file data-v2.cif (mmCIF, C-alpha atoms and all ligand atoms)
data_target
loop_
_atom_site.label_atom_id
_atom_site.label_comp_id
_atom_site.auth_asym_id
_atom_site.auth_seq_id
_atom_site.Cartn_x
_atom_site.Cartn_y
_atom_site.Cartn_z
CA ASP G 1 147.52 158.06 136.15
CA TRP G 2 145.17 158.28 139.15
CA ASN G 3 142.72 155.73 137.76
CA MET G 4 145.19 153.02 136.89
CA PRO G 5 145.57 149.92 139.01
CA ASP G 6 148.53 149.90 141.38
CA TYR G 7 150.31 147.15 139.51
CA VAL G 8 150.52 149.26 136.38
CA ASN G 9 152.18 152.03 138.37
CA GLU G 10 154.48 149.49 139.98
CA ALA G 11 155.49 148.09 136.59
CA ILE G 12 156.18 151.60 135.31
CA ALA G 13 158.21 152.52 138.39
CA LYS G 14 160.25 149.35 138.05
CA VAL G 15 161.10 150.05 134.40
CA ARG G 16 162.08 153.65 135.19
CA ALA G 17 164.34 152.53 138.02
CA GLN G 18 165.99 149.92 135.82
CA VAL G 19 166.49 151.98 132.69
CA GLY G 20 167.15 155.45 134.09
CA ASP G 21 167.73 157.84 131.21
CA GLU G 22 169.09 155.21 128.80
CA GLU G 23 167.54 154.27 125.46
CA VAL G 24 165.70 151.04 124.68
CA ILE G 25 164.99 149.11 121.45
CA LEU G 26 162.07 146.72 121.08
CA GLY G 27 161.17 144.36 118.26
CA LEU G 28 157.45 144.96 117.89
CA SER G 29 155.60 142.12 116.16
CA GLY G 30 152.00 143.14 116.78
CA GLY G 31 151.51 140.05 118.95
CA VAL G 32 150.12 140.42 122.46
CA ASP G 33 153.39 140.24 124.39
CA SER G 34 155.50 142.68 122.40
CA SER G 35 152.49 145.01 122.10
CA VAL G 36 152.05 145.14 125.87
CA VAL G 37 155.78 145.72 126.35
CA ALA G 38 155.62 148.59 123.84
CA ALA G 39 152.65 150.19 125.60
CA LEU G 40 154.24 149.75 129.04
CA LEU G 41 157.63 151.12 128.02
CA HIS G 42 156.08 154.01 126.16
CA ARG G 43 154.14 154.93 129.31
CA ALA G 44 157.24 154.51 131.46
CA ILE G 45 160.00 156.08 129.36
CA GLY G 46 158.29 157.71 126.35
CA GLU G 47 160.81 158.94 123.81
CA GLN G 48 163.59 156.73 125.20
CA LEU G 49 161.85 153.80 123.47
CA THR G 50 162.28 152.97 119.79
CA CYS G 51 160.34 150.05 118.34
CA VAL G 52 161.39 148.19 115.21
CA PHE G 53 158.56 146.59 113.30
CA VAL G 54 159.74 144.21 110.58
CA ASP G 55 157.27 143.41 107.81
CA ASN G 56 158.54 140.10 106.42
CA GLY G 57 155.80 139.88 103.79
CA LEU G 58 154.27 137.02 105.76
CA LEU G 59 151.87 139.02 107.89
CA ARG G 60 148.08 138.95 107.74
CA LEU G 61 145.85 141.28 105.74
CA ASN G 62 146.44 144.95 106.73
CA GLU G 63 148.47 143.83 109.73
CA ALA G 64 151.35 146.26 109.19
CA GLU G 65 148.93 149.17 108.77
CA GLN G 66 147.11 148.18 111.96
CA VAL G 67 150.29 148.00 114.01
CA MET G 68 151.44 151.40 112.73
CA GLU G 69 148.00 152.86 113.32
CA THR G 70 147.76 151.64 116.91
CA PHE G 71 151.28 152.40 118.05
CA SER G 72 152.60 155.17 115.89
CA ARG G 73 149.50 157.22 115.14
CA ASN G 74 147.26 156.54 118.16
CA LEU G 75 149.76 156.09 120.99
CA GLY G 76 152.59 158.21 119.61
CA VAL G 77 155.20 155.48 120.03
CA LYS G 78 158.39 155.85 117.97
CA VAL G 79 158.17 152.94 115.52
CA ILE G 80 160.56 152.21 112.67
CA HIS G 81 158.60 150.32 110.02
CA VAL G 82 160.91 148.15 107.90
CA ASP G 83 159.37 146.62 104.81
CA ALA G 84 161.66 143.65 104.21
CA THR G 85 159.24 141.69 102.03
CA GLU G 86 161.63 141.51 99.08
CA GLN G 87 164.51 140.33 101.25
CA PHE G 88 162.48 137.53 102.87
CA MET G 89 160.85 136.43 99.62
CA GLY G 90 164.21 136.41 97.88
CA HIS G 91 165.78 134.12 100.47
CA LEU G 92 162.75 131.83 100.55
CA LYS G 93 162.73 131.36 96.78
CA GLY G 94 163.02 127.69 95.85
CA VAL G 95 162.93 126.53 99.51
CA SER G 96 160.15 124.10 100.41
CA ASP G 97 161.41 122.24 103.49
CA PRO G 98 159.52 123.46 106.59
CA GLU G 99 162.52 123.56 108.92
CA ALA G 100 164.68 125.25 106.29
CA LYS G 101 161.95 127.88 105.82
CA ARG G 102 161.75 128.53 109.57
CA LYS G 103 165.52 128.90 109.83
CA ILE G 104 165.65 131.37 106.94
CA ILE G 105 162.81 133.48 108.34
CA GLY G 106 164.41 133.53 111.80
CA ARG G 107 167.84 134.35 110.40
CA GLU G 108 166.63 137.15 108.15
CA PHE G 109 164.68 138.66 111.02
CA VAL G 110 167.85 138.84 113.10
CA GLU G 111 169.69 140.31 110.12
CA VAL G 112 167.14 143.07 109.54
CA PHE G 113 166.72 143.82 113.23
CA GLN G 114 170.46 144.08 113.82
CA ALA G 115 170.89 146.41 110.87
CA GLU G 116 168.24 148.70 112.38
CA ALA G 117 169.71 148.43 115.88
CA LYS G 118 173.11 149.55 114.56
CA LYS G 119 171.48 152.77 113.42
CA LEU G 120 170.59 153.48 117.05
CA PRO G 121 174.02 153.63 118.69
CA ASN G 122 172.65 155.22 121.86
CA ALA G 123 170.48 152.24 122.71
CA LYS G 124 171.68 150.36 125.77
CA TRP G 125 168.73 148.01 126.26
CA LEU G 126 166.95 145.39 124.21
CA ALA G 127 163.39 144.88 125.46
CA GLN G 128 161.65 141.54 124.95
CA GLY G 129 158.16 140.26 125.57
CA THR G 130 159.30 137.20 127.50
CA ILE G 131 156.53 136.01 129.80
CA TYR G 132 156.69 133.58 132.72
CA PRO G 133 155.73 130.44 130.74
CA ASP G 134 158.60 131.22 128.29
CA VAL G 135 161.00 131.37 131.23
CA ILE G 136 159.82 127.95 132.44
CA GLU G 137 159.93 126.45 128.96
CA SER G 138 163.48 127.52 128.19
CA ALA G 139 164.62 126.33 131.63
CA GLY G 140 163.13 122.95 130.66
CA SER G 141 164.96 122.82 127.35
CA LYS G 142 168.30 123.55 129.05
CA THR G 143 167.87 120.50 131.21
CA GLY G 144 166.79 118.54 128.16
CA LYS G 145 163.24 118.04 129.40
CA ALA G 146 161.40 119.79 126.61
CA HIS G 147 162.15 118.46 123.18
CA THR G 148 161.71 120.40 120.03
CA ILE G 149 159.36 119.07 117.40
CA LYS G 150 159.53 122.26 115.39
CA SER G 151 162.09 125.00 115.85
CA HIS G 152 160.24 128.02 117.16
CA HIS G 153 161.20 131.53 116.22
CA ASN G 154 160.03 134.55 118.08
CA VAL G 155 161.09 138.14 117.81
CA GLY G 156 162.74 137.33 121.12
CA GLY G 157 165.24 134.94 119.58
CA LEU G 158 168.05 137.42 119.12
CA PRO G 159 171.73 136.63 119.62
CA ASP G 160 173.73 138.64 122.15
CA THR G 161 176.08 140.17 119.56
CA LEU G 162 174.27 143.49 119.92
CA ASN G 163 175.83 144.06 123.35
CA LEU G 164 172.59 145.27 124.81
CA LYS G 165 171.25 144.68 128.27
CA LEU G 166 168.04 142.64 128.36
CA LEU G 167 164.85 144.28 129.57
CA GLU G 168 162.04 141.80 130.18
CA PRO G 169 159.26 143.58 132.06
CA LEU G 170 156.71 140.76 131.61
CA ARG G 171 159.01 138.03 132.90
CA GLU G 172 156.95 137.34 136.00
CA LEU G 173 153.52 137.44 134.37
CA PHE G 174 151.19 134.77 133.06
CA LYS G 175 149.36 135.37 129.78
CA ASP G 176 146.10 136.50 131.40
CA GLU G 177 148.02 139.02 133.54
CA VAL G 178 149.79 140.31 130.42
CA ARG G 179 146.37 140.82 128.82
CA GLU G 180 145.03 142.66 131.87
CA LEU G 181 148.05 144.90 131.84
CA GLY G 182 147.51 145.61 128.14
CA ILE G 183 143.90 146.62 128.76
CA ALA G 184 144.90 148.78 131.74
CA LEU G 185 147.44 150.50 129.48
CA GLY G 186 144.71 151.29 126.97
CA LEU G 187 145.47 148.82 124.18
CA PRO G 188 142.48 147.82 122.00
CA HIS G 189 140.58 144.74 123.20
CA ASP G 190 140.96 142.97 119.83
CA MET G 191 144.73 143.35 119.96
CA VAL G 192 145.02 142.09 123.54
CA TYR G 193 142.69 139.12 123.01
CA ARG G 194 144.07 138.09 119.65
CA HIS G 195 144.83 134.47 118.85
CA PRO G 196 148.54 133.66 118.82
CA PHE G 197 150.33 134.04 115.50
CA PRO G 198 153.58 132.16 114.89
CA GLY G 199 156.85 134.06 114.43
CA PRO G 200 157.35 132.66 110.89
CA GLY G 201 153.85 133.90 110.07
CA LEU G 202 152.23 132.79 106.83
CA GLY G 203 155.57 131.16 105.98
CA VAL G 204 154.38 128.03 107.80
CA ARG G 205 150.81 128.34 106.47
CA ILE G 206 151.82 128.26 102.82
CA LEU G 207 152.85 124.66 102.33
CA GLY G 208 156.09 124.17 100.44
CA GLU G 209 157.64 127.05 98.57
CA VAL G 210 156.50 130.50 99.67
CA LYS G 211 155.46 132.82 96.86
CA LYS G 212 154.05 136.32 97.13
CA GLU G 213 151.11 135.33 94.93
CA PHE G 214 150.23 132.54 97.41
CA ALA G 215 150.63 134.85 100.40
CA ASP G 216 148.26 137.37 98.80
CA LEU G 217 145.58 134.70 98.21
CA LEU G 218 146.01 133.30 101.71
CA ARG G 219 145.77 136.72 103.37
CA ARG G 220 142.39 137.33 101.76
CA ALA G 221 141.01 133.88 102.55
CA ASP G 222 142.23 134.10 106.15
CA ALA G 223 140.68 137.54 106.64
CA ILE G 224 137.29 136.24 105.46
CA PHE G 225 137.50 133.28 107.85
CA ILE G 226 138.38 135.49 110.83
CA ASP G 227 135.70 138.03 109.87
CA GLU G 228 132.99 135.39 109.83
CA LEU G 229 134.23 133.78 113.05
CA ARG G 230 133.96 137.13 114.79
CA ALA G 231 130.55 137.85 113.26
CA ALA G 232 129.26 134.48 114.49
CA ASP G 233 130.76 134.99 117.98
CA TRP G 234 133.07 132.03 117.52
CA TYR G 235 136.41 133.85 117.61
CA ASP G 236 136.64 133.87 121.41
CA LYS G 237 135.44 130.28 121.61
CA THR G 238 138.44 129.08 119.59
CA SER G 239 142.04 129.29 120.76
CA GLN G 240 143.44 129.67 117.29
CA ALA G 241 141.87 129.79 113.84
CA PHE G 242 143.40 130.44 110.43
CA ALA G 243 143.52 129.46 106.79
CA VAL G 244 146.28 127.34 105.22
CA PHE G 245 147.31 127.55 101.56
CA LEU G 246 147.66 124.22 99.77
CA PRO G 247 149.65 124.50 96.56
CA VAL G 248 147.61 121.87 94.76
CA LYS G 249 145.08 122.55 92.06
CA SER G 250 141.70 120.90 91.66
CA VAL G 251 138.99 121.20 89.08
CA GLY G 252 135.91 123.29 89.71
CA VAL G 253 133.10 124.89 87.78
CA MET G 254 132.09 128.52 87.74
CA GLY G 255 129.35 129.89 85.49
CA ASP G 256 129.70 127.86 82.31
CA GLY G 257 133.45 127.54 82.67
CA ARG G 258 135.75 125.00 84.20
CA THR G 259 138.24 126.25 86.78
CA TYR G 260 141.51 124.70 87.85
CA GLU G 261 142.63 126.48 91.00
CA TYR G 262 144.20 126.16 94.45
CA VAL G 263 142.80 124.78 97.71
CA VAL G 264 142.53 126.47 101.10
CA ALA G 265 142.21 124.51 104.34
CA LEU G 266 140.55 126.04 107.40
CA ARG G 267 141.97 125.21 110.82
CA ALA G 268 140.29 126.08 114.12
CA VAL G 269 141.28 124.54 117.45
CA GLN G 270 140.40 124.63 121.11
CA THR G 271 143.16 124.12 123.64
CA GLN G 272 144.35 125.14 127.08
CA ASP G 273 148.09 124.96 126.57
CA PHE G 274 148.67 124.45 122.81
CA MET G 275 150.47 121.17 123.61
CA THR G 276 147.32 119.21 122.82
CA ALA G 277 144.32 120.54 120.94
CA HIS G 278 140.89 119.55 119.65
CA TRP G 279 139.55 120.72 116.31
CA ALA G 280 136.70 123.13 116.88
CA GLU G 281 133.22 121.87 116.09
CA LEU G 282 132.23 124.97 114.16
CA PRO G 283 128.61 125.07 112.95
CA HIS G 284 128.23 123.70 109.42
CA SER G 285 126.36 126.85 108.43
CA LEU G 286 129.35 128.96 109.45
CA LEU G 287 131.77 126.73 107.54
CA GLY G 288 129.47 126.90 104.53
CA LYS G 289 129.35 130.67 104.61
CA VAL G 290 133.12 130.98 104.91
CA SER G 291 133.64 128.53 102.05
CA ASN G 292 131.18 130.36 99.77
CA ARG G 293 132.72 133.72 100.51
CA ILE G 294 136.29 132.56 99.94
CA ILE G 295 135.46 130.83 96.65
CA ASN G 296 133.35 133.75 95.40
CA GLU G 297 135.65 136.54 96.54
CA VAL G 298 139.14 135.12 96.16
CA ARG G 299 139.76 134.34 92.51
CA GLY G 300 142.42 131.63 92.43
CA ILE G 301 140.81 129.49 95.15
CA ASN G 302 138.04 127.12 94.07
CA ARG G 303 137.92 124.66 96.95
CA VAL G 304 137.85 124.94 100.74
CA VAL G 305 138.33 122.04 103.17
CA TYR G 306 138.12 121.84 106.98
CA ASP G 307 140.87 120.24 109.05
CA ILE G 308 139.44 117.75 111.56
CA SER G 309 142.73 116.52 113.00
CA GLY G 310 143.54 116.64 116.68
CA LYS G 311 146.92 117.37 118.24
CA PRO G 312 148.41 114.89 118.65
CA PRO G 313 148.90 113.27 116.20
CA ALA G 314 148.65 116.37 113.97
CA THR G 315 150.07 119.74 115.03
CA ILE G 316 148.11 122.98 115.09
CA GLU G 317 150.08 124.54 112.23
CA TRP G 318 150.57 122.50 109.08
CA GLU G 319 154.33 122.96 108.99
P1 LIG J 1 152.10 123.44 116.70
O1 LIG J 1 151.93 123.65 115.22
O2 LIG J 1 153.50 123.00 117.05
O3 LIG J 1 151.94 124.87 117.35
O4 LIG J 1 151.04 122.55 117.29
C1 LIG J 1 151.76 125.12 118.73
C2 LIG J 1 151.60 126.61 118.92
O5 LIG J 1 152.85 127.25 118.65
C3 LIG J 1 152.70 128.19 117.60
N1 LIG J 1 153.93 128.15 116.80
C4 LIG J 1 154.91 129.07 116.82
N2 LIG J 1 155.00 130.23 117.49
N3 LIG J 1 157.08 130.62 116.50
C5 LIG J 1 156.08 131.00 117.32
O6 LIG J 1 156.19 132.08 117.89
C6 LIG J 1 157.06 129.47 115.80
O7 LIG J 1 157.99 129.14 115.06
C7 LIG J 1 155.90 128.66 115.97
N4 LIG J 1 155.54 127.46 115.45
C8 LIG J 1 154.31 127.18 115.95
C9 LIG J 1 151.47 127.76 116.85
O8 LIG J 1 150.89 128.85 116.12
C10 LIG J 1 150.61 127.25 117.96
O9 LIG J 1 149.98 128.32 118.66
#

call {"tool": "encode", "arguments": {"input": "data-v2.cif", "output": "structure tokens"}}
result
Amino acid sequence: DWNMPDYVNEAIAKVRAQVGDEEVILGLSGGVDSSVVAALLHRAIGEQLTCVFVDNGLLRLNEAEQVMETFSRNLGVKVIHVDATEQFMGHLKGVSDPEAKRKIIGREFVEVFQAEAKKLPNAKWLAQGTIYPDVIESAGSKTGKAHTIKSHHNVGGLPDTLNLKLLEPLRELFKDEVRELGIALGLPHDMVYRHPFPGPGLGVRILGEVKKEFADLLRRADAIFIDELRAADWYDKTSQAFAVFLPVKSVGVMGDGRTYEYVVALRAVQTQDFMTAHWAELPHSLLGKVSNRIINEVRGINRVVYDISGKPPATIEWE
């Protein structure tokens, strides 16, 4: 480790001192924070770390494969991949209220994670990707300062019924420091500089009832949008960008036939703190290209619209 910055070695030494020879479980989401924790802990304690990656069926295109590729195959991290798609979809069936959907997704995550944790009776620690701004924010909510507009679920939101000690190695770091640490630990640039993705995933980007068919359409539309943003060098100029599935049908025309298909909305914002945000003034040519590709390549979508709402009064996500 001769070429690594001192702070990486310090972080590793701190984890080793804290954990000793005990075992650790980590809920790996593929987001920046849990990814950096996984890489750090793997470097520090190797085989004493077991990650649990829950696929809730609401992840982006090829996301599960990418997480397994990066951590399991490339880095050699022990990762348990749980495909819980059926379980999540089953519980979401018939539910269209946004808050109810969030609660179900959060609850099922805890359920699945706990079931996996019970299979690892030697684990003494639960690692979480809590970063300094999270610490501040939850301190605020305890004193009633922050008020909740939407209930947020992270992989961090686990109850203490597991009887595990908490390990939060990023607790003192700001986001940009977490990213630097991730790069120093050898994580891929695209993973470390990825836009944030909400805990409930596509569950809050499919308006109303979540169906697998809708999630499949949305995944493909979203991947095209992100692809084109990257190709046009706009990905890093936006803070968050994604597609939203609208379960309404409109009439279109294709060849000599009439179509009657669903709508996708594109959302791209620029923000410092995600508390307020401006819609991104993407070039019309880029929007046009994305729209053409989605309509031509994703059968089932025949109309694409662009969201030009600021936050406030709109929010970044649609639910
Ligand atoms: P809104 O839609 O409230 O989103 O303007 C602000 C930021 O928070 C993200 N977000 C979430 N992140 N769990 C998360 O981990 C959640 O339940 C959740 N809801 C919204 C959103 O993607 C945006 O970055």

call {"tool": "axis_aligned_box", "arguments": {"input": "data-v2.cif", "around": "ligand LIG 1 (chain J)", "padding_each_side": "3 Å", "output": "JSON"}}
result
{"center_x": 154.0, "center_y": 127.3, "center_z": 117.0, "size_x": 14.0, "size_y": 15.5, "size_z": 9.9}

call {"tool": "closest_residue", "arguments": {"input": "data-v2.cif", "among": "G:Ser285, G:Asp55, G:Lys237, G:Leu229", "to": "Gln272 in chain G", "atoms": "only C-alpha atoms"}}
result
G:Lys237

call {"tool": "atom_distance", "arguments": {"input": "data-v2.cif", "atom1": "CA of Thr50 in chain G", "atom2": "CA of Met191 in chain G"}}
result
20.0 Å

call {"tool": "residues_near_point", "arguments": {"input": "data-v2.cif", "point": "(161.4, 156.2, 128.8)", "cutoff": "6 Å", "atoms": "only C-alpha atoms", "output": "ChimeraX atom specification"}}
result
/G:44-49

call {"tool": "residues_around", "arguments": {"input": "data-v2.cif", "residues": "Val248 in chain G", "least_positions_apart": "4", "cutoff": "10 Å", "atoms": "only C-alpha atoms", "output": "PyMOL selection string"}}
result
chain G and resi 207+260-264

call {"tool": "write_last_selection", "arguments": {"input": "data-v2.cif", "atoms": "C-alpha atoms", "output": "mmCIF file, keeping the file's coordinate frame"}}
result
data_model
loop_
_atom_site.group_PDB
_atom_site.id
_atom_site.type_symbol
_atom_site.label_atom_id
_atom_site.label_comp_id
_atom_site.auth_asym_id
_atom_site.auth_seq_id
_atom_site.Cartn_x
_atom_site.Cartn_y
_atom_site.Cartn_z
ATOM 1 C CA LEU G 207 152.850 124.660 102.330
ATOM 2 C CA TYR G 260 141.510 124.700 87.850
ATOM 3 C CA GLU G 261 142.630 126.480 91.000
ATOM 4 C CA TYR G 262 144.200 126.160 94.450
ATOM 5 C CA VAL G 263 142.800 124.780 97.710
ATOM 6 C CA VAL G 264 142.530 126.470 101.100
#

call {"tool": "closest_residue", "arguments": {"input": "data-v2.cif", "among": "G:Glu228, G:Asp134, G:Asp233, G:Glu281", "to": "ligand LIG 1 (chain J)", "atoms": "all atoms listed in the file"}}
result
G:Asp134

call {"tool": "closest_residue", "arguments": {"input": "data-v2.cif", "among": "G:Ile301, G:Ala241, G:Leu202, G:Val67", "to": "Pro98 in chain G", "atoms": "all atoms listed in the file"}}
result
G:Leu202

call {"tool": "closest_residue", "arguments": {"input": "data-v2.cif", "among": "G:Ala11, G:Ala100, G:Leu120, G:Leu218", "to": "ligand LIG 1 (chain J)", "atoms": "only C-alpha atoms and all ligand atoms"}}
result
G:Ala100

call {"tool": "atom_distance", "arguments": {"input": "data-v2.cif", "atom1": "CA of Ile136 in chain G", "atom2": "CA of Pro169 in chain G"}}
result
15.6 Å

call {"tool": "closest_residue", "arguments": {"input": "data-v2.cif", "among": "G:Lys124, G:Lys78, G:Arg220, G:Arg205", "to": "ligand LIG 1 (chain J)", "atoms": "only C-alpha atoms and all ligand atoms"}}
result
G:Arg205

call {"tool": "residues_around", "arguments": {"input": "data-v2.cif", "residues": "Ile224 in chain G", "least_positions_apart": "2", "cutoff": "12 Å", "atoms": "all atoms listed in the file", "output": "ChimeraX atom specification"}}
result
/G:60-61,217-222,226-231,241-243,264,266,286-287,289-298

call {"tool": "atom_distance", "arguments": {"input": "data-v2.cif", "atom1": "CA of Val112 in chain G", "atom2": "CA of Glu168 in chain G"}}
result
21.3 Å

call {"tool": "closest_residue", "arguments": {"input": "data-v2.cif", "among": "G:Ser309, G:Gln87, G:Asn9, G:Asn163", "to": "ligand LIG 1 (chain J)", "atoms": "only C-alpha atoms and all ligand atoms"}}
result
G:Ser309
